[in-house]
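What follows is the content of upload12.tsv (TSV, C-alpha atoms).
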chain	number	residue	atom	x	y	z
A	1	MET	CA	79.00	71.49	35.41
A	2	LYS	CA	78.99	67.73	34.94
A	3	ILE	CA	75.52	67.45	36.50
A	4	LYS	CA	74.24	70.15	34.15
A	5	TRP	CA	75.47	68.32	31.04
A	6	VAL	CA	74.09	65.00	32.26
A	7	PHE	CA	70.70	66.60	32.81
A	8	LEU	CA	70.72	68.16	29.32
A	9	SER	CA	71.74	64.84	27.78
A	10	ILE	CA	68.82	63.07	29.43
A	11	ILE	CA	66.37	65.67	28.14
A	12	LEU	CA	67.73	65.48	24.60
A	13	THR	CA	67.62	61.66	24.64
A	14	ILE	CA	63.99	61.60	25.78
A	15	ALA	CA	63.03	64.22	23.18
A	16	THR	CA	64.75	62.24	20.41
A	17	VAL	CA	63.02	59.00	21.38
A	18	LEU	CA	59.61	60.63	21.60
A	19	THR	CA	59.90	62.18	18.16
A	20	GLY	CA	60.04	58.70	16.65
A	21	CYS	CA	56.93	57.47	18.44
A	22	GLU	CA	53.65	57.22	16.57
A	23	PRO	CA	50.71	59.05	18.14
A	24	LEU	CA	48.28	57.02	20.21
A	25	LEU	CA	45.45	55.81	17.98
A	26	VAL	CA	42.78	57.07	20.37
A	27	LEU	CA	44.36	60.53	20.14
A	28	ASP	CA	44.45	60.44	16.33
A	29	PRO	CA	40.69	60.49	15.58
A	30	LYS	CA	39.33	60.06	12.06
A	31	GLY	CA	35.63	60.34	12.85
A	32	PRO	CA	33.22	62.50	14.89
A	33	GLN	CA	32.68	59.90	17.61
A	34	ALA	CA	36.41	59.38	18.07
A	35	GLN	CA	36.96	63.16	18.07
A	36	THR	CA	34.49	63.58	20.93
A	37	GLN	CA	36.23	60.91	22.97
A	38	ALA	CA	39.71	62.27	22.19
A	39	ASP	CA	38.62	65.75	23.33
A	40	ASP	CA	37.32	64.28	26.59
A	41	ILE	CA	40.57	62.40	27.16
A	42	MET	CA	42.71	65.47	26.56
A	43	LEU	CA	40.50	67.65	28.78
A	44	SER	CA	40.78	65.08	31.58
A	45	ILE	CA	44.56	64.93	31.13
A	46	TRP	CA	44.88	68.72	31.35
A	47	ILE	CA	42.71	68.87	34.47
A	48	MET	CA	44.67	66.10	36.18
A	49	SER	CA	47.97	67.67	35.12
A	50	GLY	CA	46.90	70.98	36.62
A	51	ILE	CA	46.00	69.28	39.89
A	52	VAL	CA	49.34	67.47	40.00
A	53	VAL	CA	51.28	70.67	39.29
A	54	VAL	CA	49.44	72.60	42.03
A	55	VAL	CA	49.86	69.81	44.59
A	56	PHE	CA	53.59	69.42	43.89
A	57	ALA	CA	54.08	73.20	43.95
A	58	ILE	CA	52.43	73.43	47.37
A	59	LEU	CA	54.49	70.45	48.56
A	60	ALA	CA	57.74	72.07	47.39
A	61	PHE	CA	56.77	75.37	49.02
A	62	MET	CA	56.02	73.70	52.36
A	63	LEU	CA	59.24	71.65	52.30
A	64	ILE	CA	61.40	74.69	51.55
A	65	LYS	CA	59.67	77.23	53.79
A	66	TYR	CA	59.30	74.99	56.82
A	67	ARG	CA	62.34	72.76	56.38
A	68	ALA	CA	63.79	74.06	59.68
A	69	SER	CA	62.55	75.93	62.75
A	70	LYS	CA	64.15	78.47	65.07
A	71	GLN	CA	61.81	77.60	67.93
A	72	ILE	CA	63.06	76.05	71.12
A	73	LYS	CA	62.87	72.27	71.52
A	74	ASP	CA	59.95	72.33	73.97
A	75	TYR	CA	57.85	74.70	71.82
A	76	GLU	CA	54.19	73.68	71.50
A	77	PRO	CA	52.20	75.14	68.58
A	78	PRO	CA	48.94	76.88	69.46
A	79	HIS	CA	45.75	74.76	69.40
A	80	ILE	CA	43.66	75.51	66.33
A	81	GLU	CA	40.10	74.18	66.00
A	82	GLY	CA	40.14	74.43	62.24
A	83	SER	CA	39.92	76.83	59.33
A	84	PHE	CA	36.64	77.13	57.44
A	85	ILE	CA	38.44	78.49	54.37
A	86	VAL	CA	40.96	75.63	54.22
A	87	GLU	CA	38.30	72.96	54.74
A	88	ALA	CA	36.03	74.56	52.15
A	89	LEU	CA	38.86	74.54	49.60
A	90	CYS	CA	39.91	70.96	50.38
A	91	ILE	CA	36.34	69.69	50.00
A	92	GLY	CA	34.82	72.15	47.55
A	93	ILE	CA	37.44	71.99	44.80
A	94	PRO	CA	37.34	68.15	44.42
A	95	VAL	CA	33.53	68.23	44.45
A	96	ILE	CA	33.48	70.86	41.69
A	97	ILE	CA	35.95	68.83	39.62
A	98	VAL	CA	33.91	65.63	40.00
A	99	ILE	CA	30.66	67.42	39.09
A	100	PHE	CA	32.28	68.95	36.00
A	101	LEU	CA	33.76	65.63	34.82
A	102	SER	CA	30.44	63.84	35.45
A	103	ILE	CA	28.46	66.34	33.35
A	104	MET	CA	31.09	66.16	30.60
A	105	SER	CA	31.03	62.33	30.60
A	106	VAL	CA	27.23	62.05	30.48
A	107	LYS	CA	27.03	64.61	27.65
A	108	SER	CA	29.68	62.83	25.57
A	109	ASN	CA	28.11	59.41	26.22
A	110	TYR	CA	24.82	60.60	24.77
A	111	GLU	CA	26.67	61.96	21.74
A	112	VAL	CA	28.61	58.78	20.93
A	113	GLU	CA	25.56	56.55	21.46
A	114	ALA	CA	23.57	58.47	18.85
A	115	THR	CA	23.99	59.00	15.12
A	116	PRO	CA	27.14	61.09	14.52
A	117	LYS	CA	26.63	64.83	14.21
A	118	GLY	CA	26.20	65.96	10.64
A	119	TYR	CA	24.98	62.55	9.45
A	120	GLU	CA	21.43	62.61	10.83
A	121	ASP	CA	19.84	63.16	7.41
A	122	LYS	CA	21.87	60.47	5.63
A	123	LYS	CA	20.89	56.82	5.42
A	124	PRO	CA	23.39	54.79	7.49
A	125	LEU	CA	25.24	51.75	6.25
A	126	VAL	CA	24.11	48.81	8.40
A	127	VAL	CA	26.72	46.13	9.05
A	128	TYR	CA	26.22	43.05	11.22
A	129	ALA	CA	29.56	42.39	12.94
A	130	SER	CA	29.73	39.00	14.64
A	131	SER	CA	32.70	37.34	16.30
A	132	SER	CA	33.76	33.72	16.68
A	133	ASP	CA	36.91	32.06	18.00
A	134	TRP	CA	38.93	33.99	16.74
A	135	LYS	CA	37.51	35.75	13.72
A	136	TRP	CA	35.22	38.63	12.75
A	137	HIS	CA	32.35	38.18	10.29
A	138	PHE	CA	30.93	41.29	8.60
A	139	SER	CA	27.54	40.97	6.92
A	140	TYR	CA	26.20	43.69	4.64
A	141	PRO	CA	22.47	42.86	4.40
A	142	GLU	CA	21.58	45.61	1.92
A	143	GLU	CA	24.51	44.77	-0.34
A	144	ASN	CA	24.03	41.00	0.24
A	145	ILE	CA	27.73	40.29	0.73
A	146	GLU	CA	29.90	39.13	3.62
A	147	THR	CA	33.58	39.44	4.54
A	148	VAL	CA	35.80	37.78	7.12
A	149	ASN	CA	38.52	39.62	9.05
A	150	TYR	CA	38.32	42.79	7.00
A	151	LEU	CA	35.87	45.66	6.66
A	152	TYR	CA	35.28	48.12	3.84
A	153	ILE	CA	33.29	51.26	4.70
A	154	PRO	CA	32.36	54.46	2.85
A	155	THR	CA	33.47	57.86	4.15
A	156	ASP	CA	31.10	60.72	4.98
A	157	ARG	CA	28.30	58.30	5.84
A	158	ALA	CA	26.94	57.10	9.16
A	159	LEU	CA	27.78	53.51	10.10
A	160	GLU	CA	25.46	51.40	12.21
A	161	PHE	CA	27.08	48.22	13.52
A	162	LYS	CA	24.93	45.42	14.94
A	163	LEU	CA	27.21	43.46	17.27
A	164	TYR	CA	26.84	39.89	18.55
A	165	SER	CA	28.99	36.83	19.17
A	166	TYR	CA	28.98	33.14	18.28
A	167	GLY	CA	31.18	32.41	21.28
A	168	PRO	CA	32.37	34.24	24.40
A	169	ILE	CA	31.86	37.96	24.96
A	170	THR	CA	34.10	40.06	22.72
A	171	SER	CA	34.57	43.81	22.30
A	172	PHE	CA	34.41	45.50	18.91
A	173	TRP	CA	36.90	48.38	18.71
A	174	ILE	CA	38.22	50.65	15.96
A	175	PRO	CA	40.25	53.17	18.03
A	176	GLN	CA	40.45	55.89	15.37
A	177	LEU	CA	36.71	55.82	14.70
A	178	GLY	CA	35.25	55.43	18.18
A	179	GLY	CA	35.11	53.56	21.44
A	180	GLN	CA	34.66	49.86	22.02
A	181	LYS	CA	31.40	48.01	22.65
A	182	TYR	CA	30.61	44.46	23.74
A	183	ALA	CA	29.38	41.74	21.38
A	184	MET	CA	27.42	39.04	23.22
A	185	SER	CA	25.83	35.74	22.26
A	186	ASP	CA	22.33	36.39	23.62
A	187	MET	CA	21.60	39.90	22.34
A	188	VAL	CA	22.47	42.50	19.71
A	189	THR	CA	24.16	45.77	20.65
A	190	THR	CA	24.36	48.79	18.34
A	191	LEU	CA	27.41	50.97	17.77
A	192	HIS	CA	27.28	54.22	15.77
A	193	LEU	CA	30.44	55.32	13.96
A	194	ALA	CA	31.54	57.36	10.95
A	195	ALA	CA	34.77	57.93	9.04
A	196	ASP	CA	35.59	61.47	7.93
A	197	ALA	CA	38.69	60.65	5.89
A	198	PRO	CA	39.78	57.77	3.63
A	199	GLY	CA	42.46	55.53	5.04
A	200	GLU	CA	43.35	52.21	6.60
A	201	TYR	CA	42.59	51.66	10.26
A	202	MET	CA	43.13	48.90	12.78
A	203	GLY	CA	40.26	47.04	14.44
A	204	ARG	CA	40.40	44.36	17.10
A	205	ASN	CA	38.70	42.48	19.88
A	206	ALA	CA	39.50	44.45	23.03
A	207	ASN	CA	38.16	41.83	25.44
A	208	PHE	CA	40.04	38.68	26.45
A	209	SER	CA	38.24	35.67	24.95
A	210	GLY	CA	40.79	32.87	25.04
A	211	LYS	CA	44.25	32.02	23.79
A	212	GLY	CA	43.63	33.50	20.35
A	213	THR	CA	42.61	36.99	21.51
A	214	ALA	CA	45.90	38.61	20.48
A	215	GLU	CA	45.30	37.68	16.83
A	216	ASN	CA	41.57	38.49	16.89
A	217	VAL	CA	42.05	41.59	14.71
A	218	PHE	CA	40.63	42.95	11.47
A	219	ASP	CA	41.57	45.59	8.91
A	220	VAL	CA	39.33	48.57	8.15
A	221	THR	CA	39.52	50.49	4.87
A	222	ALA	CA	37.57	53.71	4.47
A	223	MET	CA	36.95	54.99	0.93
A	224	PRO	CA	34.65	57.38	-0.94
A	225	GLN	CA	31.11	56.13	-1.61
A	226	ALA	CA	31.78	55.66	-5.33
A	227	GLU	CA	34.75	53.37	-4.67
A	228	PHE	CA	32.75	51.46	-2.10
A	229	ASP	CA	29.96	50.85	-4.65
A	230	GLU	CA	32.53	49.61	-7.18
A	231	TRP	CA	33.93	47.19	-4.59
A	232	VAL	CA	30.43	45.85	-3.87
A	233	ASP	CA	29.82	45.25	-7.59
A	234	GLU	CA	33.18	43.51	-7.92
A	235	VAL	CA	32.41	41.22	-4.97
A	236	LYS	CA	29.05	40.26	-6.44
A	237	ALA	CA	30.71	39.43	-9.76
A	238	THR	CA	33.67	37.42	-8.47
A	239	ALA	CA	33.04	36.05	-4.97
A	240	LYS	CA	31.63	32.62	-4.21
A	241	PRO	CA	28.30	32.27	-2.39
A	242	LEU	CA	28.33	31.63	1.34
A	243	SER	CA	26.66	28.32	2.19
A	244	GLU	CA	25.55	27.11	5.59
A	245	GLU	CA	28.18	24.38	5.53
A	246	LYS	CA	30.93	26.87	4.75
A	247	PHE	CA	29.76	29.22	7.51
A	248	ASN	CA	29.75	26.41	10.06
A	249	GLU	CA	33.28	25.62	8.96
A	250	LEU	CA	34.28	29.27	9.53
A	251	LEU	CA	32.87	29.14	13.06
A	252	GLU	CA	35.32	26.43	14.09
A	253	PRO	CA	37.96	27.79	16.54
A	254	GLY	CA	41.12	28.95	14.81
A	255	HIS	CA	42.68	31.78	12.86
A	256	LEU	CA	41.94	32.52	9.22
A	257	GLY	CA	42.95	35.07	6.64
A	258	LYS	CA	40.63	37.38	4.77
A	259	SER	CA	37.80	36.00	2.67
A	260	THR	CA	34.80	37.37	0.77
A	261	TYR	CA	31.40	35.88	-0.12
A	262	THR	CA	28.15	36.76	-1.80
A	263	GLY	CA	25.10	36.35	0.38
A	264	THR	CA	25.19	36.50	4.17
A	265	HIS	CA	24.75	34.06	7.02
A	266	LEU	CA	21.79	36.12	8.25
A	267	ASP	CA	19.47	33.99	6.11
A	268	PHE	CA	20.25	30.63	7.72
A	269	SER	CA	21.86	31.73	11.00
A	270	PRO	CA	20.05	34.90	12.12
A	271	PRO	CA	21.41	37.03	14.97
A	272	PRO	CA	19.91	36.79	18.44
A	273	SER	CA	16.73	38.71	19.06
A	274	SER	CA	17.53	42.10	20.55
A	275	GLU	CA	13.96	42.49	21.81
A	276	ASN	CA	13.81	39.55	24.20
A	277	GLY	CA	17.55	39.28	24.86
A	278	GLY	CA	17.86	35.76	23.46
A	279	HIS	CA	17.46	33.61	20.41
A	280	ASP	CA	13.94	33.57	19.08
A	281	HIS	CA	13.04	29.91	19.24
A	282	GLY	CA	9.41	30.46	20.22
A	283	PRO	CA	6.59	28.72	18.34
A	284	SER	CA	5.19	30.33	15.25
A	285	ASN	CA	1.54	31.30	14.88
A	286	SER	CA	0.78	28.17	12.85
A	287	ASP	CA	2.43	25.99	15.51
A	288	SER	CA	0.36	27.66	18.20
A	289	GLU	CA	-2.82	27.18	16.18
A	290	ASP	CA	-1.99	23.49	15.56
A	291	LYS	CA	-1.34	22.97	19.26
A	292	GLU	CA	-4.62	24.69	20.11
A	293	HIS	CA	-6.52	22.47	17.66
A	294	ALA	CA	-4.76	19.38	19.00
A	295	ASP	CA	-5.66	20.29	22.59
A	296	HIS	CA	-9.26	20.93	21.53
A	297	ASP	CA	-9.49	17.57	19.71
A	298	SER	CA	-7.95	15.81	22.70
A	299	GLU	CA	-10.48	17.45	24.97
A	300	LYS	CA	-13.35	16.39	22.70
A	301	HIS	CA	-11.94	12.85	22.51
A	302	SER	CA	-11.74	12.59	26.30
A	303	GLU	CA	-15.24	13.97	26.61
A	304	HIS	CA	-16.51	11.38	24.11
A	305	GLU	CA	-14.78	8.55	26.01
A	306	ASN	CA	-16.29	9.67	29.30
A	307	HIS	CA	-19.74	9.86	27.71
A	308	SER	CA	-19.43	6.35	26.20
A	309	GLU	CA	-18.19	4.94	29.48
A	310	HIS	CA	-21.13	6.46	31.28
A	311	GLU	CA	-23.63	4.98	28.80
A	312	ASN	CA	-22.07	1.51	29.01
A	313	HIS	CA	-22.07	1.63	32.78
A	314	THR	CA	-25.77	2.66	32.88
A	315	GLU	CA	-26.77	-0.01	30.37
A	316	HIS	CA	-24.94	-2.66	32.40
A	317	GLU	CA	-26.73	-1.63	35.62
A	318	ASN	CA	-30.15	-1.73	33.91
A	319	HIS	CA	-29.44	-5.20	32.49
A	320	THR	CA	-28.37	-6.57	35.87
A	321	GLU	CA	-31.41	-5.12	37.59
A	322	HIS	CA	-33.71	-6.71	35.00
A	323	GLU	CA	-32.19	-10.18	35.51
A	324	ASN	CA	-32.52	-9.94	39.27
A	325	HIS	CA	-36.08	-8.93	38.89

Using C-alpha cells, write down the structure from this file.
Amino acid sequence: MKIKWVFLSIILTIATVLTGCEPLLVLDPKGPQAQTQADDIMLSIWIMSGIVVVVFAILAFMLIKYRASKQIKDYEPPHIEGSFIVEALCIGIPVIIVIFLSIMSVKSNYEVEATPKGYEDKKPLVVYASSSDWKWHFSYPEENIETVNYLYIPTDRALEFKLYSYGPITSFWIPQLGGQKYAMSDMVTTLHLAADAPGEYMGRNANFSGKGTAENVFDVTAMPQAEFDEWVDEVKATAKPLSEEKFNELLEPGHLGKSTYTGTHLDFSPPPSSENGGHDHGPSNSDSEDKEHADHDSEKHSEHENHSEHENHTEHENHTEHENH
C-alpha cells in the first residue's frame, strides 16, 4: 500500500508542476510559417513516441515470456539461417519512416521559404534586419525609419526580412512566427514570415557570437495595419534623424536599449550585395571609362615618344655619315 501511495504522489506532483509551465514558444505558433513547423515537430514527436512504445512493449514481452527456461542445461537451440519476414520488417519499417519524414521535411521547407500561404496577393512589408555586437538594427526603407532592438510589424501582411550582419554570423529568430535564419556579413539572406494575431513576441540571436550573445535579444510587437501606420507617422513626427556618425556609434560593441530614428542607414551604409556574395566595391561605369581613356592616352604618349626617339636616332646617324663623308 505504501508503494501505491508513493507512486500516486509522484504522479500528482509532476502533474501539478507541469500545469504551471508555459508552453514552448515553438509549439505556440502565431503565424503560418510557425504553424507549419509546429505541425512537423508534433508529427515527428508522435512518430518517435510510437516507435518507443512499440520497442519497449516488445522488450517487456520478451523479458517476461522468456525470463526462464525449462530446458536442460546442455540444450542447444536449433540453427536458423534467418527469417525473411523478420529481416524485411527490421529493414523495411525504418526505411519507410525515413522516406516519409524526408518527404515531409522537403515539402515544409519549400513552404516556409516562400511567401506565406494566403498572403501571395498582398504587398509584403520589407524590413532590413542587421546585427552588430550585440544589437539588432531594423530598417524600414519604404517608411524611411529605423529602430534598434525592437520591431513593430502589421498583422495579416507578409513580412520579408533581409538579413545581414556588421560583425560575426548571427541567427535571426522569432520562435512564434517562424524558424531561424543566418545573418552574415558578406551576403543578404531573405526570411519570409507573417503574424496572424496581434501580440508581443520574443526575438533573439540564436547563434553564439561572443560574450554578449545572451542579451542579443529584441522585442516584437504585432498590431493591425492601421495602428502600424499611426506608429510610422508618430515616428516621423517625433524621432531624430539617423546620421552616419550616430550609426557608427551604434555599431560599437556593447548593449543598448531601444531607440528610434527617421531615415535609415541604407543610404550611407548599404547592405552587402546579394548577387555577388560580397560588398559591391567595384568601379563605376565612369571610373571604367576614365581608366580606359587614361590607358589610351598613355598608349598614345608612349607611341609618340617611340616615334620621336626613332626620328632623333635617324637624324643623328645621317649627320654622322655626312661628316665622315

Which is closer to Ile174 (chain A) than all the others in A:Ile72, A:Ile91, A:Ile97, A:Val220, using only C-alpha atoms?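 The answer is A:Val220, which sits nearest to Ile174 (chain A).
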
Give me the residues within 12 Å of Ala114 (chain A) as a list in words, counting all atoms listed in the file and dropping any in the same chain fewer than 4 places off. Pro32, Gln33, Lys107, Ser108, Asn109, Tyr110, Gly118, Tyr119, Glu120, Pro124, Ala158, Leu159, Glu160, Thr190, Leu191, His192, Leu193 and Ala194 of chain A

For CA of Met42 (chain A) and CA of Thr189 (chain A), determine how far apart the two atoms are, in Å to one decimal place.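 That distance, rounded to one decimal, is 27.7 Å.
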
Rounded to one decimal, what separation in Å do you get between CA of Leu250 (chain A) and CA of Ser130 (chain A)?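 A separation of 11.9 Å between them.
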
Separating CA of Thr264 (chain A) from CA of Lys181 (chain A), to the nearest tenth of an Å, is a gap of 22.6 Å

Neighbours of region 161-164 of chain A within 9 Å (only C-alpha atoms; same-chain residues fewer than 2 positions away dropped), as an mmCIF file with C-alpha atoms, keeping the file's coordinate frame?
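Wrote it out as result_38.cif, contents follow:
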data_model
loop_
_atom_site.group_PDB
_atom_site.id
_atom_site.type_symbol
_atom_site.label_atom_id
_atom_site.label_comp_id
_atom_site.auth_asym_id
_atom_site.auth_seq_id
_atom_site.Cartn_x
_atom_site.Cartn_y
_atom_site.Cartn_z
ATOM 1 C CA LEU A 125 25.240 51.750 6.250
ATOM 2 C CA VAL A 126 24.110 48.810 8.400
ATOM 3 C CA VAL A 127 26.720 46.130 9.050
ATOM 4 C CA TYR A 128 26.220 43.050 11.220
ATOM 5 C CA ALA A 129 29.560 42.390 12.940
ATOM 6 C CA SER A 130 29.730 39.000 14.640
ATOM 7 C CA SER A 131 32.700 37.340 16.300
ATOM 8 C CA LEU A 159 27.780 53.510 10.100
ATOM 9 C CA TYR A 166 28.980 33.140 18.280
ATOM 10 C CA ILE A 169 31.860 37.960 24.960
ATOM 11 C CA THR A 170 34.100 40.060 22.720
ATOM 12 C CA SER A 171 34.570 43.810 22.300
ATOM 13 C CA PHE A 172 34.410 45.500 18.910
ATOM 14 C CA LYS A 181 31.400 48.010 22.650
ATOM 15 C CA TYR A 182 30.610 44.460 23.740
ATOM 16 C CA ALA A 183 29.380 41.740 21.380
ATOM 17 C CA MET A 184 27.420 39.040 23.220
ATOM 18 C CA SER A 185 25.830 35.740 22.260
ATOM 19 C CA ASP A 186 22.330 36.390 23.620
ATOM 20 C CA MET A 187 21.600 39.900 22.340
ATOM 21 C CA VAL A 188 22.470 42.500 19.710
ATOM 22 C CA THR A 189 24.160 45.770 20.650
ATOM 23 C CA THR A 190 24.360 48.790 18.340
ATOM 24 C CA LEU A 191 27.410 50.970 17.770
ATOM 25 C CA HIS A 192 27.280 54.220 15.770
ATOM 26 C CA LEU A 193 30.440 55.320 13.960
ATOM 27 C CA PRO A 271 21.410 37.030 14.970
ATOM 28 C CA PRO A 272 19.910 36.790 18.440
#

Set the distance at 7 Å and use only C-alpha atoms: which residues neighbour region 36-40 of chain A once local chain neighbours fewer than 5 positions away are removed? I'd like the list as a list in words. Val26, Leu27, Pro29 and Ser108 of chain A

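Using only C-alpha atoms, the smallest distance between any of A:Val98, A:Ala34, A:Ala222, A:Leu24 and Lys117 (chain A) comes from A:Ala34.
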
Under the rule that all atoms listed in the file are counted, which of A:Ala57, A:Met223, A:Cys90, A:Ile45 is the nearest residue to Asp156 (chain A)?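 Looking at the shortest contact to Asp156 (chain A), the residue is A:Met223.
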